[in-house]
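Asker: My structure is stored as work_12.txt, with compact mmCIF, C-alpha atoms and all ligand atoms.
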# COMPACT_ATOMS: atom_id res chain seq x y z
CA MET A 32 21.69 -83.14 53.27
CA ILE A 33 18.70 -85.37 53.89
CA ILE A 34 18.83 -87.14 57.27
CA TYR A 35 17.21 -90.59 57.13
CA LYS A 36 15.72 -91.82 60.39
CA SER A 37 15.94 -95.25 61.98
CA GLU A 38 12.82 -97.05 63.21
CA SER A 39 13.50 -96.02 66.80
CA GLU A 40 14.05 -92.42 65.73
CA ILE A 41 10.74 -92.52 63.86
CA GLN A 42 9.09 -93.77 67.07
CA ALA A 43 10.57 -90.82 68.96
CA ILE A 44 9.41 -88.37 66.27
CA ARG A 45 5.98 -90.01 66.49
CA ARG A 46 5.88 -89.34 70.24
CA ALA A 47 6.63 -85.64 69.64
CA ASN A 48 3.90 -85.57 67.00
CA GLN A 49 1.42 -87.22 69.35
CA VAL A 50 1.82 -84.20 71.63
CA VAL A 51 1.06 -81.95 68.64
CA ALA A 52 -1.95 -84.08 67.65
CA LYS A 53 -3.35 -84.12 71.18
CA ILE A 54 -3.05 -80.37 71.57
CA LEU A 55 -4.58 -79.62 68.15
CA SER A 56 -7.50 -81.91 68.98
CA GLU A 57 -8.02 -80.11 72.29
CA LEU A 58 -7.78 -76.72 70.56
CA ALA A 59 -10.39 -77.91 68.06
CA GLY A 60 -12.91 -77.99 70.90
CA MET A 61 -12.07 -74.40 71.89
CA VAL A 62 -12.43 -72.76 68.47
CA ARG A 63 -15.68 -70.82 68.61
CA PRO A 64 -16.95 -67.25 68.20
CA GLY A 65 -15.72 -65.01 71.02
CA ILE A 66 -12.44 -66.70 71.94
CA ALA A 67 -9.23 -64.69 71.42
CA THR A 68 -6.43 -66.34 69.48
CA LEU A 69 -4.07 -65.53 72.37
CA GLU A 70 -6.16 -67.77 74.64
CA LEU A 71 -5.56 -70.65 72.23
CA ASP A 72 -1.83 -69.90 72.27
CA ARG A 73 -1.68 -69.82 76.09
CA TYR A 74 -3.55 -73.10 76.30
CA ALA A 75 -1.26 -74.77 73.74
CA GLU A 76 1.88 -73.68 75.54
CA LYS A 77 0.63 -74.73 78.98
CA ARG A 78 -0.49 -78.16 77.72
CA THR A 79 2.79 -78.69 75.88
CA ARG A 80 4.77 -78.16 79.07
CA GLU A 81 2.37 -80.38 81.06
CA LEU A 82 3.07 -83.14 78.55
CA GLY A 83 6.81 -82.76 79.10
CA ALA A 84 7.46 -81.10 75.74
CA LEU A 85 8.51 -77.65 74.53
CA PRO A 86 6.83 -75.42 71.96
CA ALA A 87 8.88 -75.66 68.77
CA PHE A 88 7.94 -72.34 67.21
CA LYS A 89 8.46 -70.00 70.20
CA GLY A 90 11.70 -68.12 69.63
CA TYR A 91 12.29 -69.85 66.30
CA ARG A 92 13.84 -67.06 64.21
CA GLY A 93 12.28 -64.73 66.78
CA TYR A 94 8.70 -65.97 66.38
CA PRO A 95 6.91 -64.58 69.46
CA ALA A 96 4.32 -67.30 70.24
CA SER A 97 3.83 -71.05 70.52
CA LEU A 98 0.99 -71.36 68.06
CA CYS A 99 0.39 -69.82 64.63
CA THR A 100 -3.19 -68.56 64.27
CA SER A 101 -3.96 -67.50 60.70
CA LEU A 102 -7.41 -66.05 60.08
CA ASN A 103 -9.24 -65.87 56.75
CA GLU A 104 -6.88 -64.24 54.20
CA GLU A 105 -3.92 -65.02 56.46
CA ILE A 106 -2.03 -67.99 55.05
CA VAL A 107 0.52 -68.87 57.74
CA HIS A 108 2.48 -67.40 60.65
CA GLY A 109 -0.44 -65.38 62.02
CA ILE A 110 0.55 -64.17 65.48
CA PRO A 111 -1.93 -64.82 68.33
CA SER A 112 -3.49 -61.64 69.69
CA ASN A 113 -6.48 -60.26 71.56
CA ARG A 114 -8.50 -60.44 68.36
CA ARG A 115 -11.59 -62.54 68.95
CA LEU A 116 -12.93 -65.10 66.52
CA LYS A 117 -16.26 -64.38 64.93
CA GLU A 118 -18.89 -66.49 63.27
CA GLY A 119 -17.96 -67.21 59.66
CA ASP A 120 -14.19 -66.91 60.12
CA ILE A 121 -11.85 -69.69 59.13
CA LEU A 122 -8.86 -70.23 61.41
CA SER A 123 -5.69 -72.13 60.60
CA LEU A 124 -3.82 -73.48 63.62
CA ASP A 125 -0.23 -74.56 63.06
CA PHE A 126 1.59 -76.10 65.99
CA GLY A 127 4.98 -77.66 66.65
CA ALA A 128 6.46 -79.40 69.70
CA ILE A 129 9.82 -80.77 70.78
CA LEU A 130 9.86 -83.94 72.88
CA ASP A 131 13.15 -85.51 73.97
CA GLY A 132 14.88 -83.48 71.28
CA PHE A 133 12.59 -84.63 68.44
CA TYR A 134 10.25 -82.37 66.49
CA GLY A 135 6.59 -82.60 65.55
CA ASP A 136 4.61 -80.23 63.28
CA ALA A 137 1.01 -80.22 62.07
CA ALA A 138 -1.67 -77.75 61.00
CA VAL A 139 -5.36 -77.69 60.28
CA THR A 140 -7.98 -75.09 59.30
CA PHE A 141 -11.18 -74.90 61.33
CA PRO A 142 -14.52 -73.24 60.63
CA VAL A 143 -15.66 -70.77 63.31
CA GLY A 144 -19.37 -71.42 63.74
CA LYS A 145 -21.29 -71.45 60.49
CA ILE A 146 -19.19 -70.59 57.43
CA THR A 147 -20.04 -70.09 53.75
CA PRO A 148 -20.10 -73.13 51.43
CA ALA A 149 -17.17 -71.59 49.52
CA ALA A 150 -15.06 -71.42 52.68
CA GLY A 151 -16.06 -74.97 53.58
CA LYS A 152 -14.96 -76.19 50.18
CA LEU A 153 -11.60 -74.44 50.53
CA ILE A 154 -10.96 -76.18 53.86
CA ALA A 155 -11.97 -79.56 52.43
CA VAL A 156 -9.77 -79.16 49.36
CA ALA A 157 -6.72 -78.22 51.46
CA LYS A 158 -7.19 -81.38 53.51
CA GLU A 159 -7.87 -83.64 50.54
CA SER A 160 -4.84 -82.26 48.72
CA PHE A 161 -2.66 -83.44 51.59
CA PHE A 162 -4.00 -86.97 51.02
CA LYS A 163 -3.31 -86.69 47.29
CA GLY A 164 0.25 -85.77 48.25
CA ILE A 165 0.87 -88.45 50.85
CA GLU A 166 -0.35 -91.12 48.41
CA GLN A 167 2.81 -90.36 46.44
CA ALA A 168 5.12 -90.65 49.45
CA VAL A 169 6.28 -94.17 48.64
CA PRO A 170 9.83 -95.45 48.13
CA GLY A 171 10.98 -95.06 44.53
CA LYS A 172 8.88 -91.98 43.75
CA ARG A 173 10.22 -88.45 43.87
CA ILE A 174 9.38 -85.36 45.92
CA GLY A 175 8.07 -83.75 42.73
CA ASP A 176 5.43 -86.48 42.55
CA ILE A 177 4.03 -85.23 45.88
CA SER A 178 4.19 -81.62 44.69
CA ALA A 179 2.53 -82.31 41.36
CA ALA A 180 -0.28 -84.38 42.92
CA VAL A 181 -1.12 -81.62 45.40
CA GLN A 182 -1.04 -78.92 42.73
CA ALA A 183 -3.09 -80.86 40.18
CA TYR A 184 -5.85 -81.59 42.68
CA VAL A 185 -6.03 -78.05 44.12
CA GLU A 186 -6.10 -76.42 40.68
CA SER A 187 -8.69 -78.92 39.43
CA GLN A 188 -10.95 -77.59 42.19
CA GLY A 189 -10.50 -73.99 41.01
CA PHE A 190 -8.12 -72.91 43.78
CA SER A 191 -4.44 -71.98 43.76
CA VAL A 192 -1.43 -73.29 45.63
CA ILE A 193 0.79 -70.95 47.64
CA ARG A 194 4.35 -71.02 46.31
CA ASN A 195 6.31 -68.93 48.80
CA PHE A 196 6.05 -71.54 51.55
CA VAL A 197 6.86 -75.23 51.32
CA GLY A 198 6.79 -78.43 53.33
CA HIS A 199 10.03 -79.81 54.68
CA GLY A 200 12.01 -82.61 56.21
CA ILE A 201 11.69 -82.69 59.99
CA GLY A 202 12.85 -84.68 63.02
CA PHE A 203 16.12 -83.55 64.56
CA SER A 204 15.15 -79.98 63.77
CA LEU A 205 12.00 -78.18 62.64
CA HIS A 206 13.17 -77.62 59.10
CA GLU A 207 15.42 -80.13 57.39
CA GLU A 208 15.99 -81.04 53.78
CA PRO A 209 14.32 -81.77 51.48
CA GLN A 210 11.93 -78.95 50.72
CA VAL A 211 8.48 -80.25 49.78
CA PRO A 212 6.79 -77.70 47.50
CA ASN A 213 3.06 -77.90 46.85
CA PHE A 214 3.61 -77.28 43.14
CA GLY A 215 6.03 -78.76 40.65
CA LEU A 216 6.77 -81.53 38.23
CA SER A 217 6.31 -85.23 38.77
CA GLY A 218 9.48 -87.24 38.23
CA HIS A 219 11.63 -84.38 39.56
CA GLY A 220 13.35 -83.76 42.89
CA PRO A 221 14.95 -86.06 45.45
CA LYS A 222 14.05 -89.75 45.43
CA ILE A 223 11.72 -90.81 48.21
CA LYS A 224 13.31 -93.43 50.47
CA PRO A 225 12.41 -95.30 53.67
CA GLY A 226 13.50 -93.29 56.70
CA MET A 227 12.48 -89.94 55.24
CA VAL A 228 10.32 -87.92 57.62
CA LEU A 229 8.45 -85.08 55.97
CA ALA A 230 6.02 -82.32 56.90
CA ILE A 231 3.64 -82.20 53.94
CA GLU A 232 1.68 -78.97 54.21
CA PRO A 233 -0.46 -77.63 51.40
CA MET A 234 -1.44 -73.97 51.77
CA ILE A 235 -4.06 -72.95 49.26
CA ALA A 236 -6.00 -69.83 48.29
CA ALA A 237 -9.43 -69.18 46.85
CA GLY A 238 -7.89 -66.50 44.61
CA ASP A 239 -4.35 -65.90 43.45
CA TRP A 240 -1.23 -67.36 45.08
CA ASP A 241 0.66 -64.06 45.48
CA VAL A 242 1.72 -63.43 49.07
CA GLU A 243 2.25 -60.29 51.11
CA ILE A 244 3.92 -60.14 54.55
CA LEU A 245 2.26 -57.77 57.02
CA SER A 246 4.22 -55.13 58.98
CA ASP A 247 4.62 -57.51 61.95
CA ASN A 248 7.14 -59.24 59.64
CA TRP A 249 5.45 -62.61 60.14
CA THR A 250 1.84 -62.76 59.04
CA ALA A 251 1.60 -63.94 55.44
CA VAL A 252 -1.61 -62.96 53.66
CA THR A 253 -2.88 -63.44 50.14
CA ARG A 254 -2.12 -60.27 48.18
CA ASP A 255 -5.68 -60.26 46.81
CA ARG A 256 -7.01 -60.91 50.36
CA SER A 257 -8.80 -64.07 49.24
CA LEU A 258 -9.37 -66.80 51.82
CA SER A 259 -6.60 -69.29 52.54
CA ALA A 260 -6.51 -72.74 54.17
CA HIS A 261 -3.68 -74.97 55.43
CA TYR A 262 -3.41 -78.66 56.26
CA GLU A 263 -0.25 -80.35 57.51
CA HIS A 264 0.95 -83.61 58.98
CA THR A 265 4.35 -84.99 59.77
CA ILE A 266 4.70 -88.32 57.96
CA ALA A 267 7.32 -91.07 57.81
CA VAL A 268 8.17 -93.04 54.69
CA THR A 269 8.56 -96.78 55.37
CA GLN A 270 9.05 -99.83 53.16
CA ASP A 271 5.29 -100.36 53.44
CA GLY A 272 4.52 -96.80 52.42
CA PRO A 273 3.74 -93.60 54.32
CA GLN A 274 2.56 -93.33 57.93
CA ILE A 275 1.07 -90.23 59.51
CA LEU A 276 2.87 -89.50 62.78
CA SER A 277 0.70 -86.53 63.83
CA SER A 278 -2.72 -88.21 63.97
CA LEU A 279 -3.76 -89.66 67.31
CA ASN A 280 -2.78 -93.34 67.51
CA ASP A 281 -5.30 -96.13 67.26
CA THR A 282 -5.17 -98.98 69.77
CA LYS A 283 -2.41 -100.75 67.85
CA GLY A 284 -0.30 -97.63 68.08
CA ARG A 285 -0.57 -97.01 64.37
CA THR A 286 -2.33 -94.27 62.50
CA ALA A 287 -4.85 -94.95 59.81
CA LEU A 288 -4.19 -93.10 56.57
CA LYS A 289 -7.81 -92.57 55.74
CA GLU A 290 -8.83 -91.52 59.24
CA PRO A 291 -7.06 -88.26 59.97
CA LEU A 292 -7.52 -86.76 63.40
CA HIS A 293 -8.62 -83.32 62.33
CA ALA A 294 -11.89 -84.17 60.69
N1 LIG B 1 4.60 -75.21 60.06
C1 LIG B 1 5.28 -73.96 59.85
C2 LIG B 1 6.59 -74.23 59.16
O1 LIG B 1 6.97 -75.35 59.03
C3 LIG B 1 5.41 -73.21 61.11
C4 LIG B 1 6.64 -72.48 61.41
S1 LIG B 1 6.24 -71.19 62.43
C5 LIG B 1 7.67 -70.55 62.98
O2 LIG B 1 7.26 -73.32 58.68
F1 LIG B 1 7.38 -69.65 63.78
F2 LIG B 1 8.33 -71.48 63.61
F3 LIG B 1 8.39 -70.12 61.97
CO CO B 2 5.77 -77.23 58.84
Translate the structure described by the file into structure tokens.

Answerer:
Amino acid sequence: MIIYKSESEIQAIRRANQVVAKILSELAGMVRPGIATLELDRYAEKRTRELGALPAFKGYRGYPASLCTSLNEEIVHGIPSNRRLKEGDILSLDFGAILDGFYGDAAVTFPVGKITPAAGKLIAVAKESFFKGIEQAVPGKRIGDISAAVQAYVESQGFSVIRNFVGHGIGFSLHEEPQVPNFGLSGHGPKIKPGMVLAIEPMIAAGDWDVEILSDNWTAVTRDRSLSAHYEHTIAVTQDGPQILSSLNDTKGRTALKEPLHA
């Protein structure tokens, strides 16, 4: 069942997502060679609590941390550890928070120091594919229009789209209906309506889309160990089109579609 949200509920979901956006922007300034991913996790959890929110991932299906830190060939659900970042790595940070019972979720991939042009292109394509997807998130279209737009763009750039993980409805819980795949057919799937709140989250790979789960039972890596990047925002569908809830607000309290936070 898809749960449509009222305007005031969307405001509350936006507030939860503003916590996520703030913390991701602070983490962005900490990502550098030498820092351990566990330090990023500790910081995220401490800041979340300072802001009156709770980490959404900790304890979710037994997930052991607040932040997901996925390095290089890791796609999603990388568990923070004492491993230190090194120059040339790419690091995906995925973070969720609960504020006043409402959920926020966003992710972004960062370069660690100087990275190869190929890795830079992968990060840029993951981000741009999100914008190809959100363009379709207008009343009257279908979820498959988002999926197909993401897939077409990513594949046109010579990369592949991960199929084992999908975006999702969000708001009263972390994962609600509908699923939002990053591949599929336009014209298919649930109709997009005002009041839908969705986490659109393309995960892409430089090589093949096959996934393997490591022995920690969480970390998803590309089977061919090619690099992977992730970009996610929580968005709301309104009569006037989509709004990003997990970019930092401008002075009018609205978010600009073309000016994402995580540049
Ligand atoms: N953004 C991811 C998702 O929507 C993060 C979930 S991590 C988990 O699935 F630990 F909560 F599973
Ligand atoms: Co998500």

Asker: Taking all atoms listed in the file into account, name the residue in A:Pro170, A:Gly93, A:Gly198, A:Gly175 that is nearest to Ala138 in chain A.

Answerer: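 Ranking A:Pro170, A:Gly93, A:Gly198, A:Gly175 by distance to Ala138 in chain A, first place goes to A:Gly198.
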
Asker: Rank nothing, just name the residue among A:Val51, A:Ala236, A:Ala59, A:Ala155 nearest to ligand CO 2 (chain B), using only C-alpha atoms and all ligand atoms.

Answerer: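 Closest to ligand CO 2 (chain B), using only C-alpha atoms and all ligand atoms: A:Val51.
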
Asker: Sorted by chain and rising residue number, list the residues of chain A at most 9 Å from ligand CO 2 (chain B) (counting all atoms listed in the file), each with its closest atom pair and distance in Å to one decimal, as JSON lines.

Answerer:
{"residue": "A:Asp125", "atom": "CA", "partner": "B:CO2", "partner_atom": "CO", "distance": 7.8}
{"residue": "A:Phe126", "atom": "CA", "partner": "B:CO2", "partner_atom": "CO", "distance": 8.4}
{"residue": "A:Gly127", "atom": "CA", "partner": "B:CO2", "partner_atom": "CO", "distance": 7.9}
{"residue": "A:Gly135", "atom": "CA", "partner": "B:CO2", "partner_atom": "CO", "distance": 8.6}
{"residue": "A:Asp136", "atom": "CA", "partner": "B:CO2", "partner_atom": "CO", "distance": 5.5}
{"residue": "A:Ala137", "atom": "CA", "partner": "B:CO2", "partner_atom": "CO", "distance": 6.5}
{"residue": "A:Ala138", "atom": "CA", "partner": "B:CO2", "partner_atom": "CO", "distance": 7.8}
{"residue": "A:Val197", "atom": "CA", "partner": "B:CO2", "partner_atom": "CO", "distance": 7.9}
{"residue": "A:Gly198", "atom": "CA", "partner": "B:CO2", "partner_atom": "CO", "distance": 5.7}
{"residue": "A:His199", "atom": "CA", "partner": "B:CO2", "partner_atom": "CO", "distance": 6.5}
{"residue": "A:Gly200", "atom": "CA", "partner": "B:CO2", "partner_atom": "CO", "distance": 8.6}
{"residue": "A:Ile201", "atom": "CA", "partner": "B:CO2", "partner_atom": "CO", "distance": 8.1}
{"residue": "A:Leu205", "atom": "CA", "partner": "B:CO2", "partner_atom": "CO", "distance": 7.4}
{"residue": "A:His206", "atom": "CA", "partner": "B:CO2", "partner_atom": "CO", "distance": 7.4}
{"residue": "A:Leu229", "atom": "CA", "partner": "B:CO2", "partner_atom": "CO", "distance": 8.8}
{"residue": "A:Ala230", "atom": "CA", "partner": "B:CO2", "partner_atom": "CO", "distance": 5.5}
{"residue": "A:Ile231", "atom": "CA", "partner": "B:CO2", "partner_atom": "CO", "distance": 7.3}
{"residue": "A:Glu232", "atom": "CA", "partner": "B:CO2", "partner_atom": "CO", "distance": 6.4}
{"residue": "A:Glu263", "atom": "CA", "partner": "B:CO2", "partner_atom": "CO", "distance": 6.9}
{"residue": "A:His264", "atom": "CA", "partner": "B:CO2", "partner_atom": "CO", "distance": 8.0}
{"residue": "A:Thr265", "atom": "CA", "partner": "B:CO2", "partner_atom": "CO", "distance": 7.9}

Asker: Applying 9 Å and only C-alpha atoms, which residues near Met234 in chain A remain after dropping the ones on its own chain fewer than 2 positions away? List them as a list in words.

Answerer: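 So, after excluding close chain neighbours, the residues are Ile106, Val107, Ala157, Ser191, Val192, Ile193, Arg194, Phe196, Val197, Asn213, Glu232, Ala236, Ser259, Ala260, His261, Tyr262 and Glu263 of chain A.
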
Asker: What does the structure give for the distance between CA of Leu116 in chain A and CA of Leu102 in chain A, in Å to one decimal?

Answerer: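 Going from CA of Leu116 in chain A over to CA of Leu102 in chain A, I get 8.5 Å.
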
Asker: Between CA of Leu130 in chain A and CA of Lys89 in chain A, what is the spacing in Å?

Answerer: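 Those two atoms sit 14.3 Å apart.
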
Asker: Give me, please, the distance in Å between CA of Ala47 in chain A and CA of Ala128 in chain A, quoted to one decimal.

Answerer: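 Spanning CA of Ala47 in chain A to CA of Ala128 in chain A is a straight-line distance of 6.2 Å.
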
Asker: Which of these residues is nearest to Ala96 in chain A, using all atoms listed in the file: A:Gln167, A:Phe133, A:Ala179, A:Trp249?

Answerer: A:Trp249

Asker: Identify the residues within 10 Å of coordinate (10.3, -86.3, 35.5) (same frame as the file), considering all atoms listed in the file, and give the answer as a list in words.

Answerer: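 In the file's frame, the residues around the point are Arg173, Gly175, Asp176, Leu216, Ser217, Gly218, His219 and Gly220 of chain A.
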
Asker: Residues within 12 Å of Gln42 in chain A, please, as a list in words. Count only C-alpha atoms; anything in the same chain fewer than 3 positions from it doesn't count.

Answerer: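 So, after excluding close chain neighbours, the residues are Lys36, Ser37, Glu38, Ser39, Arg45, Arg46, Ala47, Asn48, Gln49, Leu130, Asp131, Phe133, Tyr134, Gly135, Gly202, Gly226, Val228, Ile266, Ala267, Gln274, Ile275, Leu276, Ser277, Asn280, Gly284 and Arg285 of chain A.
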
Asker: Which one is closest to Ser101 in chain A: A:Ser123, A:Tyr35, A:Gly83, A:Lys117? Count only C-alpha atoms.

Answerer: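 Of all the options, A:Ser123 lies closest to Ser101 in chain A.
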
Asker: Each side padded by 8 Å, which centre and which edge lengths in Å (one decimal) define the axis-aligned box around the listed atoms of range 34-44 of chain A? Give them as JSON.

Answerer:
{"center_x": 14.0, "center_y": -92.1, "center_z": 63.0, "size_x": 25.7, "size_y": 25.9, "size_z": 27.8}

Asker: For a quick check of understanding, using only C-alpha atoms, which of A:Ala75, A:Met227, A:Ala150, A:Ile41 has the smallest distance to Lys53 in chain A?

Answerer: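 Smallest distance to Lys53 in chain A is found for A:Ala75.
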
Asker: For each of A:Phe190, A:Tyr74, A:Phe214, A:Trp240, take the minimum atom-to-atom distance to Ala149 in chain A, counting all atoms listed in the file, then give the residue where this is smallest.

Answerer: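 Closest to Ala149 in chain A, using all atoms listed in the file: A:Phe190.
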
Asker: Take the point (5.9, -76.9, 70.4) as written in the file and pick out every residue within 7 Å of it, counting all atoms listed in the file; give the list as a compact mmCIF listing (two decimals) with C-alpha atoms, keeping the file's coordinate frame.

Answerer:
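File produced: point-v4.txt:
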# COMPACT_ATOMS: atom_id res chain seq x y z
CA THR A 79 2.79 -78.69 75.88
CA ALA A 84 7.46 -81.10 75.74
CA LEU A 85 8.51 -77.65 74.53
CA PRO A 86 6.83 -75.42 71.96
CA ALA A 87 8.88 -75.66 68.77
CA PHE A 88 7.94 -72.34 67.21
CA SER A 97 3.83 -71.05 70.52
CA PHE A 126 1.59 -76.10 65.99
CA GLY A 127 4.98 -77.66 66.65
CA ALA A 128 6.46 -79.40 69.70
CA ILE A 129 9.82 -80.77 70.78

Asker: I'd like the contact shell of Pro142 in chain A - 8 Å cut-off, all atoms listed in the file, skipping same-chain residues fewer than 5 positions apart - returned as a PDB file with C-alpha atoms, keeping the file's coordinate frame.

Answerer:
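As written to disk, around-v2.pdb reads:
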ATOM      1  CA  GLY A 119     -17.960 -67.210  59.660  1.00  0.00           C
ATOM      2  CA  ASP A 120     -14.190 -66.910  60.120  1.00  0.00           C
ATOM      3  CA  ILE A 121     -11.850 -69.690  59.130  1.00  0.00           C
ATOM      4  CA  LEU A 122      -8.860 -70.230  61.410  1.00  0.00           C
ATOM      5  CA  GLY A 151     -16.060 -74.970  53.580  1.00  0.00           C
TER       6      GLY A 151
END

Asker: With N, CA and C atoms as the goal, would you fill in the gaps in range 183-210 of chain A and present it as a compact mmCIF listing (two decimals), in the coordinates of the input?

Answerer:
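That gives us rebuild.txt:
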# COMPACT_ATOMS: atom_id res chain seq x y z
N ALA A 183 -2.08 -80.47 41.17
CA ALA A 183 -3.09 -80.86 40.18
C ALA A 183 -4.47 -80.90 40.83
N TYR A 184 -4.54 -81.48 42.03
CA TYR A 184 -5.85 -81.59 42.68
C TYR A 184 -6.39 -80.21 43.04
N VAL A 185 -5.56 -79.37 43.66
CA VAL A 185 -6.03 -78.05 44.12
C VAL A 185 -6.51 -77.23 42.93
N GLU A 186 -5.72 -77.23 41.86
CA GLU A 186 -6.10 -76.42 40.68
C GLU A 186 -7.33 -76.99 39.99
N SER A 187 -7.49 -78.32 40.04
CA SER A 187 -8.69 -78.92 39.43
C SER A 187 -9.96 -78.47 40.16
N GLN A 188 -9.80 -78.05 41.40
CA GLN A 188 -10.95 -77.59 42.19
C GLN A 188 -11.14 -76.08 42.08
N GLY A 189 -10.33 -75.42 41.25
CA GLY A 189 -10.50 -73.99 41.01
C GLY A 189 -9.76 -73.10 42.01
N PHE A 190 -8.88 -73.69 42.81
CA PHE A 190 -8.12 -72.91 43.78
C PHE A 190 -6.66 -72.85 43.37
N SER A 191 -5.87 -72.05 44.09
CA SER A 191 -4.44 -71.98 43.76
C SER A 191 -3.61 -72.43 44.95
N VAL A 192 -2.37 -72.79 44.64
CA VAL A 192 -1.43 -73.29 45.63
C VAL A 192 -0.42 -72.19 45.95
N ILE A 193 -0.18 -71.96 47.21
CA ILE A 193 0.79 -70.95 47.64
C ILE A 193 2.20 -71.46 47.30
N ARG A 194 3.02 -70.58 46.76
CA ARG A 194 4.35 -71.02 46.31
C ARG A 194 5.49 -70.53 47.17
N ASN A 195 5.22 -69.51 48.00
CA ASN A 195 6.31 -68.93 48.80
C ASN A 195 6.64 -69.75 50.04
N PHE A 196 5.80 -70.70 50.39
CA PHE A 196 6.05 -71.54 51.55
C PHE A 196 5.95 -73.00 51.13
N VAL A 197 6.78 -73.83 51.74
CA VAL A 197 6.86 -75.23 51.32
C VAL A 197 6.87 -76.15 52.53
N GLY A 198 6.56 -77.41 52.32
CA GLY A 198 6.79 -78.43 53.33
C GLY A 198 8.28 -78.73 53.43
N HIS A 199 8.62 -79.66 54.32
CA HIS A 199 10.03 -79.81 54.68
C HIS A 199 10.30 -81.13 55.37
N GLY A 200 11.57 -81.55 55.32
CA GLY A 200 12.01 -82.61 56.21
C GLY A 200 11.94 -82.12 57.64
N ILE A 201 11.83 -83.05 58.58
CA ILE A 201 11.69 -82.69 59.99
C ILE A 201 12.15 -83.86 60.85
N GLY A 202 12.50 -83.60 62.09
CA GLY A 202 12.85 -84.68 63.02
C GLY A 202 13.85 -84.25 64.06
N PHE A 203 15.10 -84.03 63.62
CA PHE A 203 16.12 -83.55 64.56
C PHE A 203 16.05 -82.03 64.68
N SER A 204 15.48 -81.39 63.66
CA SER A 204 15.15 -79.98 63.77
C SER A 204 13.83 -79.73 63.08
N LEU A 205 13.32 -78.49 63.19
CA LEU A 205 12.00 -78.18 62.64
C LEU A 205 12.03 -78.22 61.12
N HIS A 206 13.06 -77.67 60.56
CA HIS A 206 13.17 -77.62 59.10
C HIS A 206 14.44 -78.31 58.64
N GLU A 207 14.28 -79.42 57.98
CA GLU A 207 15.42 -80.13 57.39
C GLU A 207 15.18 -80.25 55.89
N GLU A 208 16.20 -80.68 55.19
CA GLU A 208 15.99 -81.04 53.78
C GLU A 208 15.23 -82.36 53.72
N PRO A 209 14.50 -82.61 52.66
CA PRO A 209 14.32 -81.77 51.48
C PRO A 209 13.16 -80.79 51.67
N GLN A 210 13.13 -79.76 50.82
CA GLN A 210 11.93 -78.95 50.72
C GLN A 210 10.85 -79.76 50.01
